[in-house]
Amino acid sequence: MERRRHTPRRTTPGSVAGVAATTAPAIGAVTSAASLALAHIQAIIDGGGQIMVGTVAPIKDAAVAHDGKQTLAMLRRRPHEPIPVLLARLDAAIAAAQSTGSRVDEINTASSAKRYQL
């Protein structure tokens, strides 16, 4: 029986290691700028809270902020709204909820018969 030759594995040009090495400085600059712009989101996460973006069944395109004790904001993504804009609105909603004591809720509207809680 003839033996097969095994070619050694090689990394592809699009591997994670290659991408990380080439984009590390750029990511650092973006991260520092974004952290200044989303300070309330960062404070929630640093304080043990949660930020959820995406599908929170059965709601698609939701953004939810929970500080570990209560839900501060529940937003719906607007049609064609970019994610950075949604995150900026979530950050502003967290600030409003913390300063006024009332939460921002775009999920449970007055016309909706269903109520969702997290």
# chains A, B, ... in the order shown; residues from 1 in each chain; ligands from 1
$ residues_around --residues "stretch 95-105 of chain A" --least-positions-apart "2" --cutoff "12 Å" --atoms "only C-alpha atoms" --output "number ranges by chain"
A: 38-44, 62-67, 70-76, 88-93, 107-110, 115-118
$ write_last_selection --atoms "C-alpha atoms" --output "PDB file, in the first residue's frame"
ATOM      1  CA  LEU A  38     -19.800  55.668  25.307  1.00  0.00           C
ATOM      2  CA  ALA A  39     -18.827  56.410  28.900  1.00  0.00           C
ATOM      3  CA  HIS A  40     -22.192  55.376  30.398  1.00  0.00           C
ATOM      4  CA  ILE A  41     -22.129  52.005  28.637  1.00  0.00           C
ATOM      5  CA  GLN A  42     -18.598  51.440  29.900  1.00  0.00           C
ATOM      6  CA  ALA A  43     -19.639  52.362  33.453  1.00  0.00           C
ATOM      7  CA  ILE A  44     -22.515  49.853  33.333  1.00  0.00           C
ATOM      8  CA  ALA A  62     -32.943  45.450  20.425  1.00  0.00           C
ATOM      9  CA  ALA A  63     -30.437  47.202  22.661  1.00  0.00           C
ATOM     10  CA  VAL A  64     -30.846  46.677  26.399  1.00  0.00           C
ATOM     11  CA  ALA A  65     -28.888  48.069  29.344  1.00  0.00           C
ATOM     12  CA  HIS A  66     -29.161  46.450  32.783  1.00  0.00           C
ATOM     13  CA  ASP A  67     -27.108  47.674  35.730  1.00  0.00           C
ATOM     14  CA  GLN A  70     -32.751  47.017  37.171  1.00  0.00           C
ATOM     15  CA  THR A  71     -33.153  47.527  33.452  1.00  0.00           C
ATOM     16  CA  LEU A  72     -32.272  51.104  32.580  1.00  0.00           C
ATOM     17  CA  ALA A  73     -33.022  51.192  28.862  1.00  0.00           C
ATOM     18  CA  MET A  74     -34.678  49.044  26.214  1.00  0.00           C
ATOM     19  CA  LEU A  75     -34.372  50.428  22.705  1.00  0.00           C
ATOM     20  CA  ARG A  76     -35.482  49.233  19.274  1.00  0.00           C
ATOM     21  CA  ALA A  88     -24.912  56.313  21.082  1.00  0.00           C
ATOM     22  CA  ARG A  89     -28.680  56.409  21.686  1.00  0.00           C
ATOM     23  CA  LEU A  90     -28.310  53.637  24.283  1.00  0.00           C
ATOM     24  CA  ASP A  91     -25.558  55.586  26.037  1.00  0.00           C
ATOM     25  CA  ALA A  92     -27.774  58.695  26.117  1.00  0.00           C
ATOM     26  CA  ALA A  93     -30.730  56.630  27.373  1.00  0.00           C
ATOM     27  CA  ILE A 107     -39.982  47.852  23.505  1.00  0.00           C
ATOM     28  CA  ASN A 108     -43.119  48.008  25.662  1.00  0.00           C
ATOM     29  CA  THR A 109     -45.156  50.666  23.915  1.00  0.00           C
ATOM     30  CA  ALA A 110     -48.602  51.832  25.015  1.00  0.00           C
ATOM     31  CA  ARG A 115     -45.007  43.288  28.054  1.00  0.00           C
ATOM     32  CA  TYR A 116     -41.392  42.117  28.125  1.00  0.00           C
ATOM     33  CA  GLN A 117     -39.073  42.244  31.095  1.00  0.00           C
ATOM     34  CA  LEU A 118     -35.442  41.375  31.560  1.00  0.00           C
TER      35      LEU A 118
END
$ closest_residue --among "A:Gly47, A:Arg77, A:Ala37, A:Ile83" --to "A:Ile59" --atoms "only C-alpha atoms"
A:Arg77
$ closest_residue --among "A:Ile45, A:Lys60, A:Thr55, A:Pro79" --to "A:Ile94" --atoms "only C-alpha atoms"
A:Ile45
$ closest_residue --among "A:Asp61, A:Lys69, A:Pro84, A:Arg3" --to "A:Glu106" --atoms "only C-alpha atoms"
A:Asp61
